[in-house]
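Text of data08.txt (compact mmCIF, C-alpha atoms) as supplied:
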```txt
# COMPACT_ATOMS: atom_id res chain seq x y z
CA MET A 35 0.00 0.00 0.00
CA LYS A 36 1.24 3.46 -0.90
CA LEU A 37 0.72 6.96 0.48
CA LYS A 38 -0.30 10.16 -1.29
CA ILE A 39 -0.05 13.49 0.52
CA CYS A 40 -2.30 15.94 -1.30
CA GLY A 41 -2.97 19.65 -1.27
CA MET A 42 0.62 20.89 -1.16
CA LYS A 43 0.91 24.66 -1.56
CA TYR A 44 4.12 26.07 -0.09
CA PRO A 45 7.58 25.29 -1.55
CA ASP A 46 9.42 25.04 1.80
CA ASN A 47 6.74 22.72 3.11
CA MET A 48 6.96 20.64 -0.06
CA LEU A 49 10.66 20.10 0.62
CA GLU A 50 9.98 19.14 4.25
CA VAL A 51 7.27 16.66 3.30
CA GLY A 52 9.25 15.50 0.29
CA SER A 53 12.12 14.48 2.57
CA LEU A 54 9.73 11.91 4.10
CA LEU A 55 9.47 10.24 0.66
CA PRO A 56 5.72 9.70 0.27
CA ASP A 57 4.89 7.77 -2.90
CA TYR A 58 2.73 10.55 -4.34
CA MET A 59 2.44 14.29 -3.71
CA GLY A 60 -0.67 16.13 -4.92
CA PHE A 61 -0.98 19.68 -6.24
CA ILE A 62 -4.45 21.15 -6.70
CA PHE A 63 -4.94 23.20 -9.86
CA TRP A 64 -8.58 24.11 -9.17
CA GLU A 65 -8.76 27.85 -8.48
CA LYS A 66 -11.67 27.63 -6.05
CA SER A 67 -9.70 25.43 -3.66
CA ALA A 68 -8.06 26.88 -0.54
CA ARG A 69 -5.10 24.70 -1.51
CA TYR A 70 -4.85 26.01 -5.07
CA PHE A 71 -1.26 25.94 -6.28
CA ASP A 72 0.15 28.20 -8.99
CA GLY A 73 3.70 28.92 -7.89
CA ASP A 74 7.19 27.57 -8.33
CA MET A 75 7.71 23.94 -7.45
CA PRO A 76 11.03 23.00 -5.85
CA GLU A 77 13.10 20.01 -6.93
CA LEU A 78 11.58 16.97 -5.24
CA PRO A 79 12.98 13.44 -4.87
CA LYS A 80 12.59 11.50 -8.11
CA SER A 81 10.76 8.67 -6.36
CA ILE A 82 7.78 10.94 -5.60
CA ARG A 83 5.09 10.90 -8.28
CA LYS A 84 3.95 14.49 -8.67
CA THR A 85 0.19 14.47 -9.17
CA GLY A 86 -1.88 17.28 -10.64
CA VAL A 87 -5.46 17.49 -9.37
CA PHE A 88 -7.92 18.92 -11.90
CA VAL A 89 -11.67 19.63 -11.86
CA ASN A 90 -13.40 19.71 -15.24
CA GLU A 91 -10.32 21.25 -16.83
CA SER A 92 -9.51 21.35 -20.55
CA ILE A 93 -7.03 18.92 -22.01
CA SER A 94 -4.83 21.79 -23.18
CA GLU A 95 -4.65 23.22 -19.66
CA ILE A 96 -3.84 19.81 -18.19
CA GLU A 97 -1.11 19.35 -20.80
CA GLU A 98 0.34 22.77 -19.96
CA LYS A 99 0.54 21.88 -16.23
CA VAL A 100 2.04 18.47 -16.98
CA LYS A 101 4.84 20.13 -18.94
CA LYS A 102 5.36 23.05 -16.55
CA TYR A 103 5.61 20.92 -13.40
CA ASP A 104 6.82 17.62 -14.88
CA LEU A 105 3.83 15.74 -13.49
CA GLN A 106 3.76 11.95 -13.41
CA ALA A 107 0.07 11.54 -12.58
CA ILE A 108 -3.23 13.27 -13.35
CA GLN A 109 -6.11 13.13 -10.88
CA LEU A 110 -9.51 13.97 -12.38
CA HIS A 111 -11.87 15.22 -9.71
CA GLY A 112 -14.81 16.47 -11.76
CA GLN A 113 -17.39 15.01 -14.15
CA GLU A 114 -14.83 13.96 -16.73
CA THR A 115 -16.26 11.55 -19.27
CA VAL A 116 -14.90 8.22 -20.45
CA GLU A 117 -14.09 9.88 -23.78
CA PHE A 118 -12.14 12.63 -22.02
CA CYS A 119 -10.09 10.10 -20.05
CA SER A 120 -9.48 8.12 -23.21
CA GLU A 121 -8.18 11.20 -24.99
CA LEU A 122 -5.77 11.88 -22.14
CA LYS A 123 -4.63 8.26 -22.16
CA ILE A 124 -3.94 8.41 -25.88
CA LYS A 125 -2.09 11.72 -25.53
CA PHE A 126 0.19 10.70 -22.65
CA GLY A 127 0.37 6.93 -23.03
CA ILE A 128 2.04 5.03 -20.20
CA SER A 129 4.17 8.01 -19.14
CA ILE A 130 1.36 9.56 -17.06
CA GLU A 131 -0.90 7.72 -14.61
CA ILE A 132 -4.56 8.68 -14.77
CA ILE A 133 -6.55 8.58 -11.54
CA LYS A 134 -10.32 9.04 -11.88
CA VAL A 135 -12.11 10.21 -8.74
CA PHE A 136 -15.61 9.16 -7.73
CA SER A 137 -17.51 10.80 -4.87
CA ALA A 138 -18.99 8.07 -2.69
CA ASP A 139 -21.81 7.81 -0.20
CA GLU A 140 -24.06 4.98 0.98
CA ASN A 141 -26.00 5.12 -2.32
CA PHE A 142 -23.00 4.98 -4.63
CA ASP A 143 -23.63 2.97 -7.80
CA PHE A 144 -20.51 0.96 -8.55
CA SER A 145 -21.74 0.15 -12.07
CA VAL A 146 -20.58 3.62 -13.20
CA LEU A 147 -16.97 2.42 -12.89
CA LYS A 148 -16.97 -0.21 -15.62
CA PRO A 149 -16.68 2.10 -18.69
CA TYR A 150 -13.68 3.82 -17.08
CA GLU A 151 -11.67 0.67 -16.40
CA SER A 152 -9.85 0.70 -19.74
CA VAL A 153 -9.05 4.44 -19.75
CA CYS A 154 -7.75 4.93 -16.18
CA ASP A 155 -4.89 3.45 -14.20
CA TYR A 156 -6.57 3.88 -10.82
CA PHE A 157 -9.85 4.89 -9.27
CA LEU A 158 -10.02 7.12 -6.21
CA PHE A 159 -12.96 7.15 -3.81
CA ASP A 160 -13.59 10.38 -1.93
CA THR A 161 -16.49 11.46 0.27
CA LYS A 162 -19.45 12.98 -1.55
CA GLY A 163 -19.99 16.55 -0.34
CA LYS A 164 -20.57 20.16 -1.37
CA LEU A 165 -17.08 20.47 -2.88
CA PRO A 166 -15.40 18.20 -5.45
CA GLY A 167 -12.96 17.26 -2.68
CA GLY A 168 -11.55 18.45 0.62
CA ASN A 169 -14.75 18.05 2.59
CA GLY A 170 -12.82 16.60 5.52
CA THR A 171 -15.16 13.72 6.27
CA THR A 172 -15.05 9.98 5.67
CA PHE A 173 -17.69 7.86 3.98
CA ASP A 174 -18.81 4.45 5.19
CA TRP A 175 -16.04 2.16 3.94
CA LYS A 176 -18.37 -0.82 4.26
CA ILE A 177 -19.78 0.04 0.84
CA LEU A 178 -16.42 -1.01 -0.61
CA GLU A 179 -17.52 -4.59 0.04
CA ASN A 180 -19.58 -4.09 -3.14
CA TYR A 181 -16.56 -3.08 -5.22
CA PRO A 182 -16.92 -5.12 -8.44
CA SER A 183 -13.56 -4.41 -10.08
CA THR A 184 -9.95 -5.57 -9.88
CA LYS A 185 -8.76 -2.04 -10.72
CA PRO A 186 -6.50 -0.79 -7.88
CA PHE A 187 -7.90 2.23 -6.05
CA PHE A 188 -6.93 5.10 -3.77
CA LEU A 189 -8.94 5.75 -0.61
CA SER A 190 -9.51 9.38 0.36
CA GLY A 191 -11.89 11.58 2.33
CA GLY A 192 -11.23 12.92 5.81
CA ILE A 193 -8.60 10.34 6.68
CA GLY A 194 -6.76 11.10 9.94
CA VAL A 195 -4.55 9.11 12.28
CA ALA A 196 -7.53 7.25 13.79
CA GLU A 197 -8.75 6.22 10.34
CA LEU A 198 -5.30 4.93 9.40
CA ASP A 199 -5.64 2.39 12.18
CA SER A 200 -8.99 1.25 10.77
CA ILE A 201 -7.53 0.69 7.31
CA ASN A 202 -5.96 -2.51 8.59
CA GLU A 203 -9.40 -4.10 8.35
CA ILE A 204 -9.57 -3.34 4.63
CA LEU A 205 -6.11 -4.83 4.13
CA LYS A 206 -7.39 -8.13 5.52
CA THR A 207 -9.82 -8.38 2.59
CA ASP A 208 -9.22 -9.07 -1.10
CA LEU A 209 -9.98 -5.46 -2.06
CA PRO A 210 -7.26 -3.98 -4.32
CA LEU A 211 -6.54 -0.99 -2.07
CA TYR A 212 -3.49 0.59 -3.69
CA ALA A 213 -2.95 3.84 -1.80
CA ILE A 214 -4.18 6.10 0.98
CA ASP A 215 -4.69 9.79 0.17
CA ILE A 216 -4.34 12.18 3.12
CA ASN A 217 -4.85 15.93 3.24
CA SER A 218 -6.76 18.20 5.62
CA LYS A 219 -6.34 16.21 8.84
CA PHE A 220 -2.57 16.44 8.52
CA GLU A 221 -2.45 20.23 8.19
CA ILE A 222 -1.61 23.29 10.23
CA GLU A 223 -3.68 25.37 7.80
CA PRO A 224 -4.97 24.71 4.27
CA GLY A 225 -2.03 23.69 2.14
CA LEU A 226 0.51 23.67 4.99
CA LYS A 227 1.19 20.12 6.15
CA ASN A 228 2.23 19.15 9.68
CA THR A 229 5.41 17.17 9.02
CA SER A 230 5.21 15.44 12.39
CA LEU A 231 1.75 14.07 11.61
CA CYS A 232 2.85 13.15 8.09
CA THR A 233 5.80 11.25 9.54
CA ASP A 234 3.39 9.38 11.81
CA ALA A 235 1.21 8.53 8.81
CA ILE A 236 4.16 7.20 6.82
CA ASN A 237 5.34 5.08 9.75
CA ARG A 238 1.86 3.60 10.21
CA ILE A 239 1.33 2.94 6.50
CA TYR A 240 4.65 1.21 5.98
CA THR A 241 4.36 -0.76 9.22
CA LYS A 242 1.09 -2.20 7.90
CA ASN A 243 2.84 -3.22 4.71
CA LYS A 244 5.30 -5.45 6.57
```

Representation of the structure as structure tokens:
Amino acid sequence: MKLKICGMKYPDNMLEVGSLLPDYMGFIFWEKSARYFDGDMPELPKSIRKTGVFVNESISEIEEKVKKYDLQAIQLHGQETVEFCSELKIKFGISIEIIKVFSADENFDFSVLKPYESVCDYFLFDTKGKLPGGNGTTFDWKILENYPSTKPFFLSGGIGVAELDSINEILKTDLPLYAIDINSKFEIEPGLKNTSLCTDAINRIYTKNK
């Protein structure tokens, strides 16, 4: 299982968190977000997959950000269609991972996933709320028992230290949980991560992998 630390905003903080070597680091390119990033990105360890988070953005704008920041992954957090994802996949090939986000609640219809399986590398499940993401709450993970796919997925949505302990129960199942995505509950303020809490998260995640 891997770890993604999302919502990075400040270069010095990026370097601090980057020194912890999370597997993924997320940068939000949606202007309405309190964690919107549009600055200079420092040199980060090569092992970290820099992930751009987009909400209903144009392909040309995504391509511009990929080139500007040398992104290795694209996270689609809006109502992007199968055709849109397919176009991105054709454009970038295997060089860029595509993560399609789905907002989940107790009524989530897992059948919507099937058309996306061939055009995405991973799914990501976040909590359904007023905003496309960053609502700071978890959804009932029991609904994942209905997951019909073998496609690896990220788990997101209000995950804090307490929730990290609960993830062990998911790991005991056959669910293809690929990565945990943490954000607001590991912050001092929006976009500024608490490196001590992030260190704790990394220690817990990698201990579970042993």

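Between atom CA of Leu147 of chain A and atom CA of Glu117 of chain A lies a distance of 13.5 Å.
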
Q) What gap, in Å, lies between atom CA of Asp155 of chain A and atom CA of Lys43 of chain A? A)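 Interatomic distance here is 25.4 Å.
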
Q.
Measuring between all atoms listed in the file, which one of A:Tyr150, A:Tyr212, A:Tyr70, A:Phe61 shows the shortest distance to Leu105 of chain A?
A. A:Phe61

**Q.** Distance criterion (only C-alpha atoms): nearest to Lys102 of chain A out of A:Ser67, A:Gly73, A:Phe126, A:Ser81
**A.** A:Gly73

Q: May I have the residues within 9 Å of Leu209 of chain A as a PyMOL selection string, using all atoms listed in the file and disregarding those fewer than 4 positions away in the same chain?
A: chain A and resi 178-179+181+183-184+186-187+204-205

Q | Shortest interatomic distance to Lys134 of chain A - which of A:Phe88, A:Tyr44, A:Phe173, A:Tyr103, counting only C-alpha atoms | A | A:Phe88

Q: Name the residues in contact with segment 219-235 of chain A at a cut-off of 8 Å, using all atoms listed in the file, excluding same-chain residues fewer than 3 positions from it; report them as an MDAnalysis selection string.
A: chainID A and resid 41:44 47 50:51 54 68:69 170 192:195 198 216 238:239

Q) Which is closer to Ser200 of chain A than all the others in A:Ile214, A:Val116, A:Ile93, A:Val135, using all atoms listed in the file? A) A:Ile214

**Q.** Option closest in space to Trp64 of chain A, from A:Arg83, A:Lys99, A:Lys38, A:Lys162 [counting all atoms listed in the file]
**A.**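 With all atoms listed in the file as the atom set, the closest residue is A:Lys99.
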
Q | Closest of A:Val89, A:Leu49, A:Ala213, A:Ile201 to Tyr156 of chain A - atom-to-atom distances counting only C-alpha atoms | A | A:Ala213

Q: Around the point (-16.3, 7.7, 7.8), in the coordinates given by the file, pick out the residues reaching within 9 Å, counting all atoms listed in the file, and return them as a PyMOL selection string.
A: chain A and resi 161+171-175+191-193+197
